[in-house]
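> Below is the file data-v2.cif, which contains mmCIF, C-alpha atoms.
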```cif
data_coords
#
loop_
_atom_site.group_PDB
_atom_site.id
_atom_site.type_symbol
_atom_site.label_atom_id
_atom_site.label_comp_id
_atom_site.auth_asym_id
_atom_site.auth_seq_id
_atom_site.Cartn_x
_atom_site.Cartn_y
_atom_site.Cartn_z
ATOM 1 C CA SER A 1 0.000 0.000 0.000
ATOM 2 C CA SER A 2 1.130 3.557 -0.512
ATOM 3 C CA GLY A 3 0.819 4.133 3.239
ATOM 4 C CA GLY A 4 3.369 1.450 3.949
ATOM 5 C CA MET A 5 5.738 2.933 1.415
ATOM 6 C CA ALA A 6 5.375 6.365 2.985
ATOM 7 C CA ASP A 7 6.242 4.948 6.404
ATOM 8 C CA GLY A 8 9.413 3.446 5.000
ATOM 9 C CA PHE A 9 10.320 6.596 3.119
ATOM 10 C CA SER A 10 13.209 7.697 5.326
ATOM 11 C CA ALA A 11 14.760 4.234 5.211
ATOM 12 C CA VAL A 12 14.279 3.900 1.454
ATOM 13 C CA SER A 13 15.976 7.227 0.924
ATOM 14 C CA ALA A 14 18.918 6.627 3.192
ATOM 15 C CA ASP A 15 20.603 6.986 -0.180
ATOM 16 C CA SER A 16 20.761 10.771 0.002
ATOM 17 C CA VAL A 17 21.876 11.158 -3.602
ATOM 18 C CA ALA A 18 18.643 9.505 -4.758
ATOM 19 C CA LEU A 19 16.639 11.720 -2.404
ATOM 20 C CA GLU A 20 18.428 14.793 -3.713
ATOM 21 C CA THR A 21 17.570 13.873 -7.309
ATOM 22 C CA GLU A 22 13.949 13.127 -6.432
ATOM 23 C CA LEU A 23 13.597 16.447 -4.608
ATOM 24 C CA ARG A 24 15.060 18.447 -7.469
ATOM 25 C CA ASN A 25 12.597 16.712 -9.795
ATOM 26 C CA ALA A 26 9.793 17.438 -7.320
ATOM 27 C CA VAL A 27 10.590 21.169 -7.494
ATOM 28 C CA GLU A 28 10.687 21.147 -11.309
ATOM 29 C CA GLN A 29 7.558 19.045 -11.715
ATOM 30 C CA GLY A 30 5.374 21.024 -9.318
ATOM 31 C CA GLN A 31 5.024 18.244 -6.730
ATOM 32 C CA LEU A 32 5.521 20.647 -3.821
ATOM 33 C CA GLU A 33 2.455 22.265 -2.273
ATOM 34 C CA ILE A 34 1.831 24.748 0.489
ATOM 35 C CA PHE A 35 -0.749 23.931 3.159
ATOM 36 C CA TYR A 36 -2.039 26.533 5.630
ATOM 37 C CA GLN A 37 -2.678 25.921 9.318
ATOM 38 C CA PRO A 38 -5.037 28.550 10.783
ATOM 39 C CA ILE A 39 -3.760 30.799 13.577
ATOM 40 C CA VAL A 40 -6.856 31.871 15.479
ATOM 41 C CA ARG A 41 -7.838 34.420 18.077
ATOM 42 C CA VAL A 42 -8.348 32.494 21.293
ATOM 43 C CA ALA A 43 -11.196 34.747 22.470
ATOM 44 C CA ASP A 44 -13.598 34.093 19.582
ATOM 45 C CA CYS A 45 -11.876 31.485 17.329
ATOM 46 C CA SER A 46 -11.832 33.954 14.410
ATOM 47 C CA VAL A 47 -8.932 33.546 11.952
ATOM 48 C CA ALA A 48 -6.023 35.973 12.315
ATOM 49 C CA GLY A 49 -3.663 34.287 9.861
ATOM 50 C CA PHE A 50 -1.976 31.051 8.841
ATOM 51 C CA GLU A 51 1.310 29.215 9.063
ATOM 52 C CA ALA A 52 2.453 28.083 5.603
ATOM 53 C CA LEU A 53 3.737 24.500 5.631
ATOM 54 C CA ILE A 54 5.366 22.695 2.724
ATOM 55 C CA ARG A 55 4.170 19.250 1.609
ATOM 56 C CA TRP A 56 5.556 16.972 -1.079
ATOM 57 C CA ARG A 57 2.876 15.215 -3.125
ATOM 58 C CA HIS A 58 4.938 12.265 -4.335
ATOM 59 C CA PRO A 59 3.526 10.439 -7.406
ATOM 60 C CA GLU A 60 3.981 7.008 -5.767
ATOM 61 C CA ARG A 61 4.192 7.668 -2.057
ATOM 62 C CA GLY A 62 1.433 10.229 -1.658
ATOM 63 C CA LEU A 63 1.717 13.214 0.678
ATOM 64 C CA ILE A 64 5.104 13.376 2.425
ATOM 65 C CA SER A 65 5.604 15.473 5.556
ATOM 66 C CA PRO A 66 8.513 17.953 5.736
ATOM 67 C CA ASP A 67 9.978 15.954 8.649
ATOM 68 C CA ASP A 68 11.098 13.433 6.033
ATOM 69 C CA PHE A 69 13.010 15.819 3.780
ATOM 70 C CA ILE A 70 13.668 19.268 5.288
ATOM 71 C CA ALA A 71 16.730 18.221 7.325
ATOM 72 C CA HIS A 72 18.268 16.749 4.173
ATOM 73 C CA CYS A 73 17.553 19.991 2.270
ATOM 74 C CA GLU A 74 19.291 21.966 5.024
ATOM 75 C CA GLU A 75 22.420 19.845 4.591
ATOM 76 C CA THR A 76 22.541 20.055 0.800
ATOM 77 C CA GLY A 77 21.511 23.689 0.419
ATOM 78 C CA LEU A 78 18.344 22.748 -1.498
ATOM 79 C CA ILE A 79 16.504 24.491 1.366
ATOM 80 C CA VAL A 80 17.267 27.797 -0.407
ATOM 81 C CA THR A 81 15.244 26.701 -3.448
ATOM 82 C CA LEU A 82 12.458 25.190 -1.314
ATOM 83 C CA GLY A 83 12.368 28.262 0.885
ATOM 84 C CA ARG A 84 11.970 30.584 -2.094
ATOM 85 C CA PHE A 85 9.156 28.447 -3.424
ATOM 86 C CA ALA A 86 7.369 28.528 -0.043
ATOM 87 C CA LEU A 87 7.763 32.302 0.390
ATOM 88 C CA ASP A 88 6.703 33.049 -3.178
ATOM 89 C CA GLN A 89 3.642 30.794 -3.030
ATOM 90 C CA ALA A 90 2.597 31.994 0.440
ATOM 91 C CA ALA A 91 2.929 35.678 -0.513
ATOM 92 C CA HIS A 92 0.797 35.269 -3.645
ATOM 93 C CA ASP A 93 -1.786 33.116 -1.849
ATOM 94 C CA LEU A 94 -1.913 35.680 0.969
ATOM 95 C CA ALA A 95 -2.586 38.462 -1.546
ATOM 96 C CA GLN A 96 -5.570 36.435 -2.753
ATOM 97 C CA LEU A 97 -6.832 35.812 0.798
ATOM 98 C CA GLN A 98 -6.528 39.521 1.636
ATOM 99 C CA ARG A 99 -8.501 40.455 -1.488
ATOM 100 C CA PHE A 100 -11.302 38.012 -0.667
ATOM 101 C CA PHE A 101 -11.351 38.986 3.011
ATOM 102 C CA PRO A 102 -10.382 42.655 3.508
ATOM 103 C CA LEU A 103 -10.149 42.524 7.299
ATOM 104 C CA ASN A 104 -8.691 44.945 9.806
ATOM 105 C CA PRO A 105 -6.116 43.983 10.947
ATOM 106 C CA PRO A 106 -5.363 42.120 7.690
ATOM 107 C CA LEU A 107 -4.785 38.366 7.532
ATOM 108 C CA PHE A 108 -1.134 37.299 7.777
ATOM 109 C CA ALA A 109 0.915 34.266 6.741
ATOM 110 C CA SER A 110 3.967 32.942 8.611
ATOM 111 C CA VAL A 111 6.652 31.104 6.651
ATOM 112 C CA ASN A 112 9.610 29.252 8.167
ATOM 113 C CA VAL A 113 13.001 30.600 7.119
ATOM 114 C CA SER A 114 16.199 28.725 7.975
ATOM 115 C CA ARG A 115 19.665 29.966 8.893
ATOM 116 C CA ARG A 116 20.920 28.809 5.507
ATOM 117 C CA GLN A 117 18.311 30.920 3.689
ATOM 118 C CA LEU A 118 19.258 34.004 5.694
ATOM 119 C CA ARG A 119 22.894 33.442 4.722
ATOM 120 C CA ASP A 120 22.006 33.267 1.013
ATOM 121 C CA PRO A 121 23.486 36.484 -0.494
ATOM 122 C CA ALA A 122 20.495 36.880 -2.842
ATOM 123 C CA PHE A 123 17.862 36.468 -0.115
ATOM 124 C CA GLU A 124 17.236 40.143 0.669
ATOM 125 C CA SER A 125 16.963 41.070 -2.995
ATOM 126 C CA PHE A 126 14.516 38.184 -3.581
ATOM 127 C CA LEU A 127 12.397 39.284 -0.603
ATOM 128 C CA ARG A 128 12.418 42.948 -1.653
ATOM 129 C CA HIS A 129 11.111 42.059 -5.128
ATOM 130 C CA LEU A 130 8.561 39.603 -3.781
ATOM 131 C CA LEU A 131 7.089 42.152 -1.357
ATOM 132 C CA ALA A 132 7.013 44.824 -4.070
ATOM 133 C CA ASP A 133 5.279 42.525 -6.572
ATOM 134 C CA CYS A 134 2.641 40.639 -4.594
ATOM 135 C CA GLY A 135 0.668 43.571 -3.182
ATOM 136 C CA ILE A 136 0.085 42.388 0.393
ATOM 137 C CA ALA A 137 -0.392 44.593 3.448
ATOM 138 C CA PRO A 138 2.921 45.631 5.108
ATOM 139 C CA GLY A 139 4.174 43.282 7.812
ATOM 140 C CA THR A 140 1.702 40.496 6.945
ATOM 141 C CA LEU A 141 4.224 38.105 5.383
ATOM 142 C CA LYS A 142 5.896 36.984 8.604
ATOM 143 C CA LEU A 143 9.221 35.184 8.478
ATOM 144 C CA GLU A 144 9.528 32.596 11.241
ATOM 145 C CA VAL A 145 13.026 31.974 12.494
ATOM 146 C CA THR A 146 13.972 29.683 15.353
ATOM 147 C CA GLU A 147 15.118 31.132 18.615
ATOM 148 C CA SER A 148 18.695 29.884 18.076
ATOM 149 C CA VAL A 149 18.906 31.622 14.682
ATOM 150 C CA ALA A 150 17.498 34.850 16.103
ATOM 151 C CA ALA A 151 19.976 34.791 18.976
ATOM 152 C CA ALA A 152 22.991 33.942 16.796
ATOM 153 C CA ASN A 153 24.117 37.433 15.844
ATOM 154 C CA ALA A 154 21.511 37.590 13.081
ATOM 155 C CA GLN A 155 20.052 40.860 14.393
ATOM 156 C CA ALA A 156 21.459 42.998 11.564
ATOM 157 C CA ILE A 157 19.870 40.975 8.773
ATOM 158 C CA LEU A 158 16.627 40.592 10.754
ATOM 159 C CA ARG A 159 16.420 44.392 11.079
ATOM 160 C CA ARG A 160 16.965 44.803 7.338
ATOM 161 C CA ILE A 161 14.248 42.215 6.638
ATOM 162 C CA ARG A 162 11.805 44.148 8.789
ATOM 163 C CA ALA A 163 12.781 47.377 7.055
ATOM 164 C CA LEU A 164 11.810 45.742 3.739
ATOM 165 C CA GLY A 165 8.264 45.312 5.082
ATOM 166 C CA ALA A 166 8.219 41.716 6.297
ATOM 167 C CA GLY A 167 7.049 40.705 9.761
ATOM 168 C CA LEU A 168 9.245 38.539 12.001
ATOM 169 C CA ALA A 169 8.267 35.751 14.376
ATOM 170 C CA ILE A 170 10.482 33.757 16.729
ATOM 171 C CA ASP A 171 9.511 30.087 16.430
ATOM 172 C CA ASP A 172 9.571 27.461 19.219
ATOM 173 C CA PHE A 173 10.343 30.083 21.830
ATOM 174 C CA GLY A 174 11.410 28.595 25.147
ATOM 175 C CA THR A 175 13.202 25.575 23.654
ATOM 176 C CA GLY A 176 16.466 27.275 22.629
ATOM 177 C CA GLN A 177 19.394 28.902 24.362
ATOM 178 C CA SER A 178 18.281 32.519 24.515
ATOM 179 C CA SER A 179 17.173 33.987 27.793
ATOM 180 C CA LEU A 180 14.021 35.999 28.310
ATOM 181 C CA SER A 181 16.169 39.107 28.722
ATOM 182 C CA GLN A 182 17.373 38.769 25.116
ATOM 183 C CA LEU A 183 13.804 39.082 23.850
ATOM 184 C CA LYS A 184 14.000 42.859 23.973
ATOM 185 C CA ASP A 185 17.074 42.953 21.684
ATOM 186 C CA ILE A 186 15.694 40.818 18.854
ATOM 187 C CA PRO A 187 13.713 42.813 16.266
ATOM 188 C CA PHE A 188 10.552 40.722 15.922
ATOM 189 C CA ASP A 189 6.829 41.341 16.340
ATOM 190 C CA THR A 190 5.562 37.851 17.259
ATOM 191 C CA VAL A 191 6.667 35.152 19.710
ATOM 192 C CA LYS A 192 5.568 31.596 18.925
ATOM 193 C CA ILE A 193 5.654 29.485 22.055
ATOM 194 C CA ASP A 194 6.456 25.806 21.743
ATOM 195 C CA LYS A 195 3.699 23.310 22.534
ATOM 196 C CA SER A 196 5.822 21.730 25.278
ATOM 197 C CA PHE A 197 4.619 24.499 27.606
ATOM 198 C CA LEU A 198 1.059 23.204 27.419
ATOM 199 C CA SER A 199 1.454 20.612 30.139
ATOM 200 C CA ARG A 200 -0.450 17.403 29.602
ATOM 201 C CA HIS A 201 1.009 15.410 32.464
ATOM 202 C CA GLY A 202 -1.826 14.820 34.887
ATOM 203 C CA GLY A 203 -3.050 17.382 37.394
ATOM 204 C CA THR A 204 -4.912 20.502 36.353
ATOM 205 C CA HIS A 205 -3.404 23.098 34.081
ATOM 206 C CA SER A 206 -3.524 25.768 36.783
ATOM 207 C CA GLU A 207 -1.435 23.669 39.184
ATOM 208 C CA SER A 208 1.321 22.957 36.705
ATOM 209 C CA ASP A 209 4.674 24.709 36.603
ATOM 210 C CA SER A 210 4.410 24.805 32.816
ATOM 211 C CA SER A 211 1.386 27.072 32.928
ATOM 212 C CA VAL A 212 3.208 29.450 35.288
ATOM 213 C CA VAL A 213 6.147 29.652 32.854
ATOM 214 C CA LEU A 214 3.750 30.034 29.919
ATOM 215 C CA SER A 215 1.897 32.817 31.676
ATOM 216 C CA SER A 216 5.200 34.612 32.448
ATOM 217 C CA ILE A 217 6.362 34.465 28.818
ATOM 218 C CA VAL A 218 2.989 35.771 27.602
ATOM 219 C CA THR A 219 3.082 38.650 30.085
ATOM 220 C CA LEU A 220 6.671 39.558 29.227
ATOM 221 C CA ALA A 221 6.011 39.444 25.480
ATOM 222 C CA HIS A 222 2.973 41.682 25.934
ATOM 223 C CA ASP A 223 5.001 44.117 28.030
ATOM 224 C CA LEU A 224 7.433 44.277 25.082
ATOM 225 C CA LYS A 225 4.463 44.948 22.717
ATOM 226 C CA ARG A 226 4.867 41.617 20.928
ATOM 227 C CA ASP A 227 2.082 39.298 19.802
ATOM 228 C CA VAL A 228 2.028 35.745 21.178
ATOM 229 C CA VAL A 229 0.998 32.548 19.386
ATOM 230 C CA VAL A 230 0.960 29.243 21.267
ATOM 231 C CA GLU A 231 1.435 26.193 19.040
ATOM 232 C CA GLY A 232 0.145 22.659 19.469
ATOM 233 C CA VAL A 233 -3.269 23.422 20.987
ATOM 234 C CA GLU A 234 -5.050 20.068 21.054
ATOM 235 C CA SER A 235 -7.911 20.325 23.513
ATOM 236 C CA GLU A 236 -10.533 22.572 25.030
ATOM 237 C CA ALA A 237 -8.485 22.561 28.251
ATOM 238 C CA ASP A 238 -5.494 23.969 26.338
ATOM 239 C CA ALA A 239 -7.661 26.657 24.735
ATOM 240 C CA SER A 240 -9.276 27.707 28.001
ATOM 241 C CA LEU A 241 -5.880 27.910 29.723
ATOM 242 C CA LEU A 242 -4.675 30.287 27.001
ATOM 243 C CA ASP A 243 -7.818 32.379 27.373
ATOM 244 C CA GLU A 244 -7.261 32.483 31.136
ATOM 245 C CA ILE A 245 -3.669 33.754 30.886
ATOM 246 C CA GLY A 246 -4.502 36.314 28.198
ATOM 247 C CA CYS A 247 -2.752 34.745 25.216
ATOM 248 C CA GLU A 248 -4.495 36.087 22.117
ATOM 249 C CA PHE A 249 -3.409 33.716 19.321
ATOM 250 C CA ALA A 250 -3.138 29.941 19.009
ATOM 251 C CA GLN A 251 -2.781 27.190 16.440
ATOM 252 C CA GLY A 252 -3.167 23.439 16.631
ATOM 253 C CA PHE A 253 -5.346 20.494 15.706
ATOM 254 C CA TYR A 254 -8.010 21.610 18.218
ATOM 255 C CA TYR A 255 -8.774 24.383 15.726
ATOM 256 C CA SER A 256 -7.705 22.850 12.420
ATOM 257 C CA PRO A 257 -5.035 20.754 10.716
ATOM 258 C CA PRO A 258 -3.012 22.367 7.881
ATOM 259 C CA LEU A 259 -5.308 22.910 4.864
ATOM 260 C CA PRO A 260 -4.887 23.320 1.106
ATOM 261 C CA LEU A 261 -5.594 26.904 -0.065
ATOM 262 C CA ALA A 262 -9.215 26.280 -1.145
ATOM 263 C CA ASP A 263 -10.031 24.756 2.253
ATOM 264 C CA ALA A 264 -8.253 27.632 4.011
ATOM 265 C CA LEU A 265 -10.563 30.069 2.197
ATOM 266 C CA ASN A 266 -13.599 28.096 3.349
ATOM 267 C CA TYR A 267 -12.228 28.040 6.893
ATOM 268 C CA ILE A 268 -11.937 31.840 6.963
ATOM 269 C CA ALA A 269 -15.463 32.175 5.601
ATOM 270 C CA ARG A 270 -16.744 30.109 8.531
ATOM 271 C CA HIS A 271 -14.521 31.755 11.172
ATOM 272 C CA TYR A 272 -14.121 35.451 10.682
ATOM 273 C CA ASP A 273 -15.310 38.272 12.875
ATOM 274 C CA ALA A 274 -17.617 40.392 10.719
ATOM 275 C CA GLY A 275 -16.763 43.353 12.946
ATOM 276 C CA THR A 276 -13.206 43.335 11.609
ATOM 277 C CA ALA A 277 -14.251 43.432 7.949
ATOM 278 C CA ILE A 278 -13.525 46.728 6.261
ATOM 279 C CA LYS A 279 -16.795 48.485 5.470
ATOM 280 C CA ILE A 280 -17.159 49.459 1.829
ATOM 281 C CA GLU A 281 -19.187 52.593 1.153
ATOM 282 C CA PRO A 282 -22.734 51.990 -0.130
ATOM 283 C CA GLY A 283 -23.040 52.668 -3.838
ATOM 284 C CA SER A 284 -19.461 51.598 -4.571
ATOM 285 C CA GLY A 285 -20.822 48.458 -6.166
ATOM 286 C CA ALA A 286 -18.867 46.171 -3.807
ATOM 287 C CA ALA A 287 -20.558 44.034 -1.191
ATOM 288 C CA SER A 288 -19.675 44.767 2.414
ATOM 289 C CA LEU A 289 -18.251 41.843 4.335
ATOM 290 C CA GLY A 290 -19.092 43.716 7.498
ATOM 291 C CA GLY A 291 -22.756 42.880 7.005
#
```
Would you mind writing the file out in structure tokens?

Amino acid sequence: SSGGMADGFSAVSADSVALETELRNAVEQGQLEIFYQPIVRVADCSVAGFEALIRWRHPERGLISPDDFIAHCEETGLIVTLGRFALDQAAHDLAQLQRFFPLNPPLFASVNVSRRQLRDPAFESFLRHLLADCGIAPGTLKLEVTESVAAANAQAILRRIRALGAGLAIDDFGTGQSSLSQLKDIPFDTVKIDKSFLSRHGGTHSESDSSVVLSSIVTLAHDLKRDVVVEGVESEADASLLDEIGCEFAQGFYYSPPLPLADALNYIARHYDAGTAIKIEPGSGAASLGG
């Protein structure tokens, strides 16, 4: 069965040369797709934005998760090509989403960017042209970098990226080496907190040390005027904890798995706050989403 083959994919491709060839073909033949996992407002479950996630639709093995090929791409440098594809696709899809749903604040999309991509000499020029061409609201294409990348003397390039009009998010915050005090020095607008802080080890959420730490990070980030997204929300208990500690954004399977673009559009249509839709003047010939 194709499922069995997918499970054995990593073993089959221990031959990294074969994997490299297959991946390069995948890029050329349009086998890579971007899925979108909703990032919602905890208070009312309305959609604030999405995280863009790459998937490989293999002709024989079906849909392959990035866990099975991203690390290899990092090693070989193919991540630069994959990263450009993901950013380009996400920016153009986001422009479409923003046209369909003119909300205030506008919808955003977060895209993972690796250390290797940031080191690519052509990266800033690529990003500048992409932002100029795709017509999205400023700051709504958010580049997600891990905490270790953000802390590793990358501040200068991160500042230049923000100056170009991209947003910046620190991914998996709390799992890396940086201390909370470094948060103020890194030029980003969003902190994404790793799911490990949502304790699921018996006892109630409120009694757990994890929720105390989580609450402290949320408070600190808010004091620094940063947005906070908690990842890996899987239950109503998780969601109500976040509501309790004042965390405004969350993503996880409790809300939705990653979706293809058409399904993401439908998801927004079912979960948007009509009060945030931009009112269009009567007589302009355009329907008002604000009802």
> Selection in question (the file shown): the PyMOL selection byres ((chain A and resi 24) around 12). Which residues does it include, as a PyMOL selection string?
chain A and resi 17-23+25-32+56+69+73+76-82
> So what does the PyMOL selection byres ((chain A and resi 142-150) around 8) actually pick up in this one, as number ranges by chain?
A: 108-115, 139-141, 151-155, 158, 166-178, 186
> Between segment 194-266 of chain A and segment 36-46 of chain A, at 6 Å or less, what are the per-residue closest atom pairs and their distances in Å? Count all atoms listed in the file, order by chain and rising residue number, and return it as a Markdown table.

```
| residue | atom | partner | partner_atom | distance |
| --- | --- | --- | --- | --- |
| A:Glu248 | CA | A:Val42 | CA | 5.3 |
| A:Phe249 | CA | A:Arg41 | CA | 4.7 |
| A:Ala250 | CA | A:Val40 | CA | 5.5 |
| A:Gln251 | CA | A:Ile39 | CA | 4.7 |
| A:Pro257 | CA | A:Gln37 | CA | 5.8 |
| A:Pro258 | CA | A:Gln37 | CA | 3.8 |
| A:Leu259 | CA | A:Tyr36 | CA | 4.9 |
```
> Would you translate the PyMOL selection byres ((chain A and resi 260-263) around 7) into the concrete set of residues it matches in this file, as a PyMOL selection string?
chain A and resi 34-36+259+264-267
> Limited to C-alpha atoms, could you put the picked residues into a file as a PDB file, in the coordinates of the input?

```pdb
ATOM      1  CA  ILE A  34       1.831  24.748   0.489  1.00  0.00           C
ATOM      2  CA  PHE A  35      -0.749  23.931   3.159  1.00  0.00           C
ATOM      3  CA  TYR A  36      -2.039  26.533   5.630  1.00  0.00           C
ATOM      4  CA  LEU A 259      -5.308  22.910   4.864  1.00  0.00           C
ATOM      5  CA  ALA A 264      -8.253  27.632   4.011  1.00  0.00           C
ATOM      6  CA  LEU A 265     -10.563  30.069   2.197  1.00  0.00           C
ATOM      7  CA  ASN A 266     -13.599  28.096   3.349  1.00  0.00           C
ATOM      8  CA  TYR A 267     -12.228  28.040   6.893  1.00  0.00           C
TER       9      TYR A 267
END
```
> Suppose you want the space between atom CA of Lys192 of chain A and atom CA of Val228 of chain A; what is it in Å?
5.9 Å
> Hey, which of A:Ser16, A:Ile54, A:Arg116, A:Ile278 ends up closest to Arg99 of chain A? Count all atoms listed in the file.
A:Ile278
> Which residue is closest to Glu234 of chain A? Choose from A:Leu127, A:Ile157, A:Ile268, A:Leu198 and count all atoms listed in the file.
A:Leu198
> Put the listed atoms of segment 257-266 of chain A in a box along x, y and z with 4 Å added on every side and give me the centre and edge lengths in Å to one decimal, as AutoDock Vina command-line options.

```
--center_x -8.3 --center_y 25.4 --center_z 4.8 --size_x 18.6 --size_y 17.3 --size_z 19.9
```
> Could you give me segment 268-280 of chain A completed to N, CA, C and O atoms, formatted as a compact mmCIF listing (two decimals), in the coordinates of the input?

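part30.txt was written with the following content:
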```txt
# COMPACT_ATOMS: atom_id res chain seq x y z
N ILE A 268 -11.78 30.42 6.60
CA ILE A 268 -11.94 31.84 6.96
C ILE A 268 -13.41 32.23 6.87
O ILE A 268 -13.94 32.92 7.75
N ALA A 269 -14.06 31.80 5.79
CA ALA A 269 -15.46 32.17 5.60
C ALA A 269 -16.32 31.73 6.78
O ALA A 269 -17.27 32.43 7.17
N ARG A 270 -15.97 30.60 7.38
CA ARG A 270 -16.74 30.11 8.53
C ARG A 270 -16.29 30.73 9.85
O ARG A 270 -17.03 30.69 10.83
N HIS A 271 -15.07 31.27 9.90
CA HIS A 271 -14.52 31.76 11.17
C HIS A 271 -13.92 33.15 11.02
O HIS A 271 -12.73 33.33 11.25
N TYR A 272 -14.69 34.10 10.61
CA TYR A 272 -14.12 35.45 10.68
C TYR A 272 -15.08 36.35 11.44
O TYR A 272 -16.28 36.12 11.46
N ASP A 273 -14.52 37.34 12.08
CA ASP A 273 -15.31 38.27 12.88
C ASP A 273 -15.78 39.38 11.95
O ASP A 273 -14.99 40.19 11.47
N ALA A 274 -17.08 39.41 11.67
CA ALA A 274 -17.62 40.39 10.72
C ALA A 274 -17.30 41.82 11.16
O ALA A 274 -17.19 42.72 10.33
N GLY A 275 -17.09 42.01 12.45
CA GLY A 275 -16.76 43.35 12.95
C GLY A 275 -15.41 43.84 12.48
O GLY A 275 -15.14 45.04 12.48
N THR A 276 -14.54 42.92 12.05
CA THR A 276 -13.21 43.34 11.61
C THR A 276 -13.15 43.56 10.10
O THR A 276 -12.14 43.97 9.57
N ALA A 277 -14.25 43.24 9.40
CA ALA A 277 -14.25 43.43 7.95
C ALA A 277 -14.31 44.92 7.64
O ALA A 277 -15.00 45.69 8.31
N ILE A 278 -13.55 45.32 6.63
CA ILE A 278 -13.52 46.73 6.26
C ILE A 278 -14.83 47.08 5.56
O ILE A 278 -15.23 46.43 4.60
N LYS A 279 -15.52 48.10 6.07
CA LYS A 279 -16.80 48.48 5.47
C LYS A 279 -16.53 49.18 4.14
O LYS A 279 -15.65 50.03 4.03
N ILE A 280 -17.30 48.81 3.14
CA ILE A 280 -17.16 49.46 1.83
C ILE A 280 -18.36 50.37 1.65
O ILE A 280 -19.49 49.98 1.93
```
